[in-house]
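Reproduced below: data_22.txt, with compact mmCIF, C-alpha atoms.
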```
# COMPACT_ATOMS: atom_id res chain seq x y z
CA MET A 1 0.00 0.00 0.00
CA ARG A 2 1.36 3.41 -0.95
CA TYR A 3 0.63 6.77 0.60
CA PRO A 4 1.20 10.34 -0.58
CA ALA A 5 3.46 12.74 1.28
CA VAL A 6 2.73 13.82 4.86
CA ILE A 7 0.21 16.63 5.18
CA LEU A 8 -0.86 18.33 8.40
CA ILE A 9 -4.24 20.01 7.94
CA SER A 10 -4.73 23.31 9.75
CA LEU A 11 -8.00 24.58 11.13
CA TRP A 12 -8.50 27.03 8.25
CA ALA A 13 -8.59 24.07 5.87
CA CYS A 14 -11.37 22.55 7.92
CA LEU A 15 -13.37 25.76 7.96
CA SER A 16 -13.03 26.23 4.23
CA GLY A 17 -14.12 22.63 3.63
CA THR A 18 -10.97 21.72 1.73
CA VAL A 19 -9.15 18.51 2.65
CA SER A 20 -6.20 17.30 0.60
CA ALA A 21 -6.33 13.78 -0.77
CA ALA A 22 -4.53 11.18 1.36
CA ASP A 23 -5.22 7.70 2.70
CA LEU A 24 -4.99 8.06 6.50
CA ARG A 25 -6.99 10.84 8.17
CA VAL A 26 -6.64 11.54 11.88
CA LEU A 27 -9.04 13.76 13.85
CA THR A 28 -7.57 14.86 17.17
CA SER A 29 -7.84 17.40 19.96
CA LEU A 30 -4.15 16.95 20.76
CA PRO A 31 -1.73 19.74 19.81
CA PRO A 32 0.74 19.33 16.92
CA SER A 33 3.55 18.95 19.46
CA VAL A 34 1.96 15.58 20.32
CA SER A 35 0.65 14.44 16.94
CA GLU A 36 3.65 15.31 14.76
CA PRO A 37 6.14 12.89 16.41
CA TYR A 38 3.64 10.07 15.90
CA VAL A 39 3.11 10.96 12.26
CA ASP A 40 6.88 10.75 11.91
CA LEU A 41 6.92 7.39 13.70
CA PHE A 42 4.09 6.09 11.51
CA THR A 43 5.81 7.16 8.30
CA SER A 44 9.08 5.57 9.41
CA ARG A 45 7.34 2.24 10.06
CA THR A 46 5.19 2.17 6.91
CA GLU A 47 6.44 2.18 3.34
CA ASN A 48 5.70 5.65 1.95
CA GLY A 49 3.37 6.11 4.92
CA ALA A 50 1.59 9.43 5.45
CA ALA A 51 -1.19 10.95 7.49
CA GLN A 52 -3.42 13.98 7.40
CA VAL A 53 -4.04 15.36 10.89
CA LEU A 54 -6.88 17.75 11.64
CA ASN A 55 -6.88 19.42 15.03
CA LYS A 56 -10.29 20.25 16.52
CA ASN A 57 -11.39 20.69 20.10
CA THR A 58 -12.92 17.55 21.57
CA ILE A 59 -16.52 18.74 21.45
CA ALA A 60 -16.27 19.79 17.80
CA GLY A 61 -14.56 16.49 16.99
CA ILE A 62 -17.33 14.45 18.60
CA ASP A 63 -19.91 16.52 16.78
CA GLU A 64 -18.21 15.88 13.42
CA ILE A 65 -18.24 12.11 13.99
CA LEU A 66 -21.82 12.01 15.27
CA ARG A 67 -22.95 13.95 12.19
CA GLY A 68 -21.75 11.07 10.03
CA ASN A 69 -17.99 11.54 9.62
CA GLU A 70 -18.64 12.78 6.10
CA ARG A 71 -14.96 13.49 5.46
CA GLY A 72 -14.01 9.93 6.25
CA PHE A 73 -11.64 10.27 9.19
CA ASP A 74 -9.99 6.98 10.09
CA VAL A 75 -8.78 7.72 13.61
CA PHE A 76 -10.14 9.72 16.56
CA TRP A 77 -7.56 10.68 19.19
CA ALA A 78 -8.23 12.63 22.41
CA SER A 79 -7.59 12.89 26.15
CA SER A 80 -11.27 12.91 27.17
CA PRO A 81 -12.57 9.51 28.39
CA GLU A 82 -16.19 10.60 28.03
CA ALA A 83 -15.62 11.43 24.37
CA PHE A 84 -14.94 7.76 23.70
CA GLU A 85 -17.89 6.72 25.84
CA ILE A 86 -20.21 8.97 23.83
CA LEU A 87 -18.87 7.75 20.48
CA SER A 88 -19.01 4.12 21.60
CA ARG A 89 -22.69 4.52 22.49
CA SER A 90 -23.23 5.76 18.94
CA ASP A 91 -21.39 2.73 17.48
CA ALA A 92 -18.82 5.06 15.93
CA PHE A 93 -15.83 2.75 16.26
CA ALA A 94 -14.82 -0.17 14.07
CA ASP A 95 -15.52 -3.82 14.91
CA ASP A 96 -13.22 -5.64 17.32
CA ASP A 97 -11.56 -7.64 14.54
CA VAL A 98 -10.78 -4.66 12.30
CA CYS A 99 -7.02 -5.13 12.72
CA GLY A 100 -7.04 -8.92 12.70
CA PRO A 101 -6.02 -11.32 15.47
CA ASP A 102 -2.52 -9.89 15.87
CA GLY A 103 -3.40 -6.21 15.56
CA PRO A 104 -4.45 -3.62 18.14
CA PRO A 105 -8.05 -3.31 19.37
CA PRO A 106 -10.20 -0.65 17.67
CA VAL A 107 -10.07 1.56 20.79
CA ALA A 108 -7.09 1.63 23.15
CA ALA A 109 -5.70 3.76 25.96
CA PHE A 110 -2.27 5.20 25.19
CA ALA A 111 -1.53 7.62 28.07
CA LEU A 112 -2.64 8.65 31.55
CA SER A 113 -3.47 12.18 32.70
CA SER A 114 -4.84 14.17 35.61
CA VAL A 115 -5.79 17.79 36.23
CA GLY A 116 -4.79 20.66 38.48
CA TRP A 117 -3.36 24.14 38.07
CA ALA A 118 -0.15 25.86 37.00
CA ARG A 119 1.68 29.15 37.37
CA ARG A 120 4.90 30.60 36.00
CA THR A 121 8.08 29.29 37.62
CA ASP A 122 9.31 32.85 38.16
CA SER A 123 6.09 33.99 39.84
CA ASP A 124 6.24 35.15 43.46
CA LEU A 125 2.50 34.52 43.90
CA PHE A 126 1.75 31.85 46.50
CA MET A 127 1.16 28.53 44.74
CA PRO A 128 -2.26 27.12 45.71
CA ALA A 129 -1.74 23.93 47.70
CA GLU A 130 -5.27 22.53 47.27
CA TRP A 131 -8.45 23.15 45.31
CA ASN A 132 -10.05 25.22 48.09
CA ASP A 133 -7.18 27.71 47.95
CA LEU A 134 -8.41 28.79 44.52
CA THR A 135 -11.42 30.52 46.14
CA ARG A 136 -9.24 32.73 48.36
CA PRO A 137 -9.45 36.53 47.78
CA LEU A 138 -5.68 36.43 47.13
CA TYR A 139 -6.45 35.11 43.63
CA ARG A 140 -9.11 37.67 42.67
CA ASN A 141 -8.90 38.21 38.87
CA ARG A 142 -5.84 35.97 38.67
CA LEU A 143 -7.31 32.63 37.54
CA ALA A 144 -8.03 31.36 34.05
CA MET A 145 -9.48 28.23 32.53
CA ALA A 146 -11.01 27.10 29.25
CA ARG A 147 -14.75 26.69 28.76
CA PRO A 148 -15.66 23.02 29.17
CA ALA A 149 -17.88 23.37 26.10
CA ARG A 150 -14.72 24.10 24.12
CA SER A 151 -12.24 21.79 25.85
CA GLY A 152 -12.53 18.10 26.63
CA SER A 153 -9.80 18.29 29.26
CA THR A 154 -11.56 21.17 31.04
CA HIS A 155 -14.84 19.24 30.93
CA MET A 156 -12.93 16.39 32.60
CA LEU A 157 -11.65 18.84 35.22
CA ILE A 158 -15.17 20.08 35.97
CA GLU A 159 -16.49 16.51 36.11
CA GLN A 160 -13.70 15.46 38.49
CA LEU A 161 -14.82 18.17 40.91
CA LEU A 162 -18.47 17.11 40.58
CA GLN A 163 -17.69 13.43 41.04
CA VAL A 164 -15.36 13.88 44.00
CA ARG A 165 -17.40 16.51 45.84
CA GLY A 166 -20.90 15.62 44.69
CA TRP A 167 -23.25 17.56 42.43
CA GLN A 168 -24.27 20.35 44.82
CA ASP A 169 -20.95 20.83 46.61
CA GLY A 170 -18.98 20.51 43.38
CA TRP A 171 -20.94 23.28 41.68
CA ALA A 172 -20.77 25.38 44.87
CA PHE A 173 -16.98 25.24 44.67
CA ILE A 174 -16.91 26.01 40.93
CA LEU A 175 -19.31 28.94 41.33
CA GLY A 176 -17.31 30.22 44.31
CA MET A 177 -14.09 29.98 42.33
CA SER A 178 -15.66 32.03 39.51
CA ALA A 179 -15.18 35.08 41.74
CA ASN A 180 -11.46 34.85 40.97
CA LEU A 181 -11.61 34.16 37.21
CA SER A 182 -10.00 36.76 35.01
CA THR A 183 -10.87 35.06 31.72
CA LEU A 184 -12.17 31.93 30.00
CA THR A 185 -9.93 30.85 27.14
CA ALA A 186 -11.27 29.53 23.84
CA ARG A 187 -9.13 26.37 23.90
CA SER A 188 -7.32 24.32 26.50
CA PHE A 189 -4.03 25.31 24.84
CA GLY A 190 -4.83 28.92 25.71
CA VAL A 191 -4.26 28.31 29.41
CA PRO A 192 -0.54 27.39 29.30
CA ASP A 193 0.00 29.90 26.47
CA GLY A 194 -1.56 32.64 28.58
CA LEU A 195 0.59 31.72 31.56
CA VAL A 196 3.78 31.69 29.51
CA ASN A 197 2.86 35.09 28.06
CA ASP A 198 1.99 36.45 31.53
CA ARG A 199 -1.66 37.24 30.71
CA PHE A 200 -2.85 35.75 34.02
CA ASP A 201 -1.27 34.15 37.08
CA ILE A 202 -2.88 30.75 37.74
CA GLY A 203 -4.33 28.45 35.08
CA LEU A 204 -6.54 25.41 35.60
CA THR A 205 -5.37 22.76 33.17
CA ILE A 206 -4.41 19.16 32.47
CA ASP A 207 -0.95 18.01 33.48
CA PHE A 208 0.72 17.39 30.12
CA LEU A 209 -0.11 20.82 28.67
CA SER A 210 1.83 22.46 31.49
CA GLN A 211 4.59 19.89 31.80
CA ALA A 212 5.41 20.30 28.12
CA ASN A 213 6.25 23.91 29.12
CA SER A 214 8.12 22.95 32.30
CA ALA A 215 10.89 25.46 31.61
CA PHE A 216 8.32 28.21 32.21
CA LEU A 217 5.52 26.61 34.24
CA ARG A 218 5.14 24.75 37.51
CA PHE A 219 2.18 22.35 37.72
CA GLN A 220 0.31 21.24 40.86
CA TYR A 221 -1.99 18.21 40.84
CA GLY A 222 -5.36 18.63 42.53
CA ARG A 223 -6.22 16.13 45.27
CA PRO A 224 -7.65 13.61 45.44
CA LEU A 225 -5.71 12.86 42.28
CA VAL A 226 -7.96 11.24 39.67
CA VAL A 227 -6.09 9.44 36.89
CA ALA A 228 -7.91 9.12 33.56
CA PRO A 229 -6.88 7.33 30.35
CA ALA A 230 -6.34 9.20 27.09
CA GLN A 231 -7.43 7.05 24.16
CA ILE A 232 -7.18 6.52 20.42
CA GLY A 233 -9.73 4.72 18.24
CA ILE A 234 -10.38 3.51 14.70
CA LEU A 235 -13.61 4.93 13.30
CA ARG A 236 -16.17 2.68 11.65
CA ASN A 237 -16.60 4.48 8.35
CA GLY A 238 -13.06 5.67 7.75
CA ARG A 239 -11.38 5.49 4.35
CA ASP A 240 -8.35 3.34 5.16
CA PRO A 241 -8.70 0.88 8.08
CA ASP A 242 -5.36 -0.78 7.24
CA ALA A 243 -3.53 2.53 7.66
CA ALA A 244 -5.52 3.21 10.83
CA CYS A 245 -4.41 -0.13 12.28
CA ALA A 246 -0.81 0.68 11.41
CA PHE A 247 -1.10 4.08 13.07
CA LEU A 248 -2.52 2.62 16.28
CA SER A 249 0.22 -0.01 16.28
CA ALA A 250 2.81 2.76 16.09
CA VAL A 251 1.22 4.77 18.94
CA LEU A 252 0.93 1.69 21.18
CA SER A 253 4.34 0.25 20.37
CA ARG A 254 7.25 0.40 22.77
CA GLU A 255 8.73 3.23 20.75
CA GLY A 256 5.39 5.01 20.73
CA GLN A 257 5.02 4.72 24.50
CA LEU A 258 8.55 6.00 25.09
CA THR A 259 7.87 8.91 22.73
CA LEU A 260 5.37 10.17 25.32
CA LEU A 261 8.30 11.02 27.59
CA SER A 262 9.86 13.50 25.16
CA PRO A 263 9.97 17.09 26.52
CA GLY A 264 7.46 18.40 23.98
CA ILE A 265 4.85 15.82 25.03
CA SER A 266 5.52 14.94 28.70
CA ARG A 267 2.79 12.34 29.12
CA VAL A 268 2.58 9.23 31.25
CA PRO A 269 2.63 5.99 29.21
CA TYR A 270 -0.37 3.72 29.62
CA ASN A 271 1.59 0.46 29.23
CA PRO A 272 2.35 -0.69 32.82
CA ASP A 273 5.60 -2.41 31.84
CA ILE A 274 6.89 0.79 30.23
CA ARG A 275 5.75 2.81 33.27
CA ALA A 276 7.64 0.48 35.59
CA GLU A 277 10.73 0.82 33.43
CA VAL A 278 10.68 4.63 33.44
CA LYS A 279 9.01 5.36 36.79
CA ASP A 280 11.90 7.62 37.87
CA ARG A 281 10.98 9.92 34.97
CA LEU A 282 7.28 10.10 35.85
CA PRO A 283 5.48 12.50 38.24
CA THR A 284 5.61 10.97 41.70
CA GLU A 285 1.98 11.96 42.30
CA ILE A 286 0.84 9.81 39.36
CA VAL A 287 3.02 6.87 40.43
CA ASP A 288 1.63 7.04 43.97
CA ALA A 289 -1.96 7.39 42.78
CA LEU A 290 -1.65 4.31 40.58
CA LYS A 291 -0.43 2.32 43.58
CA LEU A 292 -3.32 3.43 45.76
CA THR A 293 -6.14 3.83 43.19
CA TRP A 294 -7.56 6.75 45.16
CA PHE A 295 -10.50 7.59 42.89
CA GLU A 296 -11.69 6.18 39.58
CA TYR A 297 -12.96 8.65 37.01
CA ASP A 298 -16.49 7.73 35.90
CA ALA A 299 -16.67 8.37 32.15
CA GLU A 300 -20.17 6.85 31.92
CA THR A 301 -21.64 9.34 34.37
CA SER A 302 -19.86 12.16 32.61
CA ALA A 303 -21.25 11.04 29.25
CA ASP A 304 -24.76 10.79 30.71
CA ARG A 305 -24.80 14.50 31.54
CA TYR A 306 -22.24 15.86 29.08
CA TRP A 307 -24.49 18.41 27.41
CA ALA A 308 -26.04 19.51 30.70
CA VAL A 309 -22.74 20.17 32.49
CA ASN A 310 -21.36 22.19 29.59
CA THR A 311 -24.61 24.13 29.20
CA LEU A 312 -24.91 24.86 32.91
CA PHE A 313 -21.34 26.14 33.03
CA ASP A 314 -22.01 28.45 30.08
CA LEU A 315 -25.29 29.74 31.49
CA MET A 316 -24.13 30.20 35.09
CA ILE A 317 -20.52 31.32 34.53
CA ALA A 318 -19.50 32.07 30.94
CA GLU A 319 -22.53 34.26 30.20
CA GLN A 320 -22.58 35.89 33.64
CA LEU A 321 -18.89 36.15 34.52
CA ASP A 322 -18.69 39.95 34.81
CA ARG A 323 -21.88 40.17 36.82
CA ARG A 324 -20.94 37.27 39.05
CA ARG A 325 -17.51 38.77 39.79
CA THR A 326 -19.17 42.09 40.71
CA LEU A 327 -21.56 40.37 43.10
CA TRP A 328 -18.76 38.41 44.74
CA ARG A 329 -16.80 41.65 45.20
CA MET A 330 -19.81 43.27 46.86
CA HIS A 331 -20.18 40.23 49.10
CA HIS A 332 -16.50 40.40 50.10
CA ASP A 333 -16.62 44.14 50.81
CA LEU A 334 -19.61 43.68 53.13
CA LYS A 335 -18.03 40.99 55.30
CA PRO A 336 -16.63 43.37 57.96
CA TYR A 337 -19.97 45.17 58.34
CA ALA A 338 -23.07 43.09 57.51
CA PRO A 339 -24.55 40.33 59.67
CA ALA A 340 -23.13 36.90 58.86
CA ALA A 341 -26.58 35.37 58.47
CA SER A 342 -27.53 37.87 55.77
CA LEU A 343 -24.31 37.25 53.87
CA ASP A 344 -24.75 33.50 54.21
CA ARG A 345 -28.07 33.78 52.39
CA VAL A 346 -26.42 35.67 49.53
CA HIS A 347 -23.58 33.16 49.48
CA GLU A 348 -26.15 30.41 49.04
CA LEU A 349 -27.69 32.23 46.07
CA LEU A 350 -24.28 32.63 44.44
CA THR A 351 -23.22 29.00 44.93
CA THR A 352 -26.38 27.01 44.19
CA VAL A 353 -26.63 25.18 40.87
CA VAL A 354 -29.93 25.89 39.09
CA ALA A 355 -30.59 22.27 38.05
CA THR A 356 -30.58 19.07 40.09
CA GLU A 357 -28.36 16.14 39.20
CA ASP A 358 -31.43 14.19 38.06
CA GLU A 359 -32.49 17.06 35.80
CA ALA A 360 -29.02 17.19 34.28
CA THR A 361 -28.94 13.47 33.56
CA LEU A 362 -32.47 13.36 32.15
CA ALA A 363 -31.78 16.46 30.05
CA THR A 364 -29.39 14.58 27.81
CA GLY A 365 -32.16 12.19 26.83
CA ALA A 366 -32.13 8.64 25.58
CA ASP A 367 -29.22 9.19 23.19
CA ALA A 368 -26.89 9.92 26.16
CA GLY A 369 -24.53 11.79 23.87
CA LEU A 370 -23.35 15.20 22.84
CA ARG A 371 -25.73 18.01 22.11
CA ASN A 372 -24.38 21.34 20.95
CA THR A 373 -24.52 24.10 23.54
CA SER A 374 -25.31 26.77 20.95
CA LEU A 375 -28.98 27.73 21.11
CA ILE A 376 -29.00 28.10 17.34
CA ARG A 377 -28.39 24.37 16.85
CA MET A 378 -30.54 22.96 19.66
CA ASP A 379 -33.76 21.14 19.00
CA PRO A 380 -36.88 22.86 20.42
CA HIS A 381 -36.93 20.77 23.62
CA MET A 382 -33.29 21.45 24.44
CA ARG A 383 -33.66 25.13 23.56
CA SER A 384 -36.63 25.40 25.91
CA LEU A 385 -34.74 23.66 28.71
CA ALA A 386 -31.68 25.88 28.30
CA GLU A 387 -33.86 29.00 28.30
CA ASP A 388 -35.56 27.79 31.50
CA TRP A 389 -32.18 27.28 33.15
CA ARG A 390 -31.04 30.72 31.95
CA ALA A 391 -34.13 32.32 33.49
CA ARG A 392 -33.36 30.58 36.78
CA VAL A 393 -29.79 31.89 36.70
CA ILE A 394 -30.90 35.45 36.01
CA ALA A 395 -33.54 35.34 38.77
CA GLN A 396 -30.99 33.95 41.21
CA LEU A 397 -28.46 36.68 40.44
CA GLU A 398 -31.10 39.40 40.60
CA ASP A 399 -32.09 38.18 44.08
CA ALA A 400 -28.45 38.26 45.15
CA GLU A 401 -27.95 41.74 43.73
CA ARG A 402 -31.02 43.13 45.48
CA ALA A 403 -29.93 41.62 48.78
CA LEU A 404 -26.39 42.95 48.45
CA SER A 405 -27.56 46.42 47.45
CA ASP A 406 -29.85 46.54 50.47
CA LEU A 407 -27.01 45.45 52.76
CA GLN A 408 -24.72 48.10 51.29
CA GLN A 409 -27.27 50.84 52.03
CA ARG A 410 -27.80 49.60 55.57
CA TYR A 411 -24.29 48.74 56.72
CA LEU A 412 -21.53 50.28 54.62
CA PRO A 413 -20.05 53.42 56.19
```

structure tokens encoding of this file:
Amino acid sequence: MRYPAVILISLWACLSGTVSAADLRVLTSLPPSVSEPYVDLFTSRTENGAAQVLNKNTIAGIDEILRGNERGFDVFWASSPEAFEILSRSDAFADDDVCGPDGPPPVAAFALSSVGWARRTDSDLFMPAEWNDLTRPLYRNRLAMARPARSGSTHMLIEQLLQVRGWQDGWAFILGMSANLSTLTARSFGVPDGLVNDRFDIGLTIDFLSQANSAFLRFQYGRPLVVAPAQIGILRNGRDPDAACAFLSAVLSREGQLTLLSPGISRVPYNPDIRAEVKDRLPTEIVDALKLTWFEYDAETSADRYWAVNTLFDLMIAEQLDRRRTLWRMHHDLKPYAPAASLDRVHELLTTVVATEDEATLATGADAGLRNTSLIRMDPHMRSLAEDWRARVIAQLEDAERALSDLQQRYLP
């Protein structure tokens, strides 16, 4: 089998609808710093091998596959476990025997990851030691993160908080932390880039994106540390399953696993034998977590409420960030003067999620998959539900604003 020369497709090519002719097509949320070494490995192992690689955020990638994979991508490659759960429920991956008895399975884990936060190595700002530190007034307007509706790794971060703390307490923490957000980036890559370029001080992110910039950034794992597998899969209606099998074989090979350790990638290999061999080069927190199995990430639960979690974040935080930050500032300024009970009531308004966990799970519906968070593309039922949630958010914030304004008039000197 012969392949044309290597082509890396940029996002503008996707938007214009033009895709150059080639046999193997890879759709990934991973940055070129990760994908390019594997394209090189694939081409070195395959006669005249080549691959086209299109980078899209995880949510857009899932959407493209669920809409029929009209451009015939062969491989889907991402860090988000729930992305593979959603696509599996839609029968998007090839049959188990696609690569034959001696080949790789159609879907396989290739690396391990966890989430936390990072700051510049030359920063004199106190490094948060735990998640709760991120709500301290010290970090007002100093935090940044990506929108979970635009980043699979950030969705995983939000879900980790919800799964560890529970639905109500998890959202209470996230809403409380929003008081300190300076910005929401468009992509997960924007968080380490913004830190390196000194646009903000602390960035919530996944480990490998920061560790690939370790000369500039220091990363801190959140605890309890939840380790999740990053995966790669062969799509059912791709154009070249033989090339896809060869690509997966390259990624999963010993050489492919060791490639994860290169400075530009800095990921933890999934293969336990390779991990044991190179454990001195791995983050000690990951090594310890794998020994103890502290908490298992539940991709099925995340997939069940994927649309709802992303939509709730957008409605409660992304759309209302300026207003929410103002209300939190008013709340903070009143602490020395107003009665604690009155401020506690406002605090409850500012930290209560507007939908129950059951509502969020049922909202996704029987398909248990991705639904776009843009109101333009929602079906009438989902549009109505999102508008109802938005109305609840607005009413909640109006109540908080009235209460805070009244307290200011009564108690501020």

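One finds CA of Ile86 in chain A at 8.4 Å from CA of Asp304 in chain A.
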
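CA of Pro81 in chain A lies 15.8 Å from CA of Ser188 in chain A.
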
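CA of Asn55 in chain A lies 12.9 Å from CA of Ser79 in chain A.
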
Smallest atom-to-atom distance to Leu397 in chain A: which of A:Ala340, A:Leu24, A:Leu385, A:Leu315, using only C-alpha atoms?
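For Leu397 in chain A, the nearest of the candidates is A:Leu315.
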
Find the residue from A:Leu138, A:Ala243, A:Ala341, A:Ala303 that sits nearest to Ile62 in chain A; use only C-alpha atoms when measuring.
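Looking only at the distances to Ile62 in chain A, the closest residue turns out to be A:Ala303.
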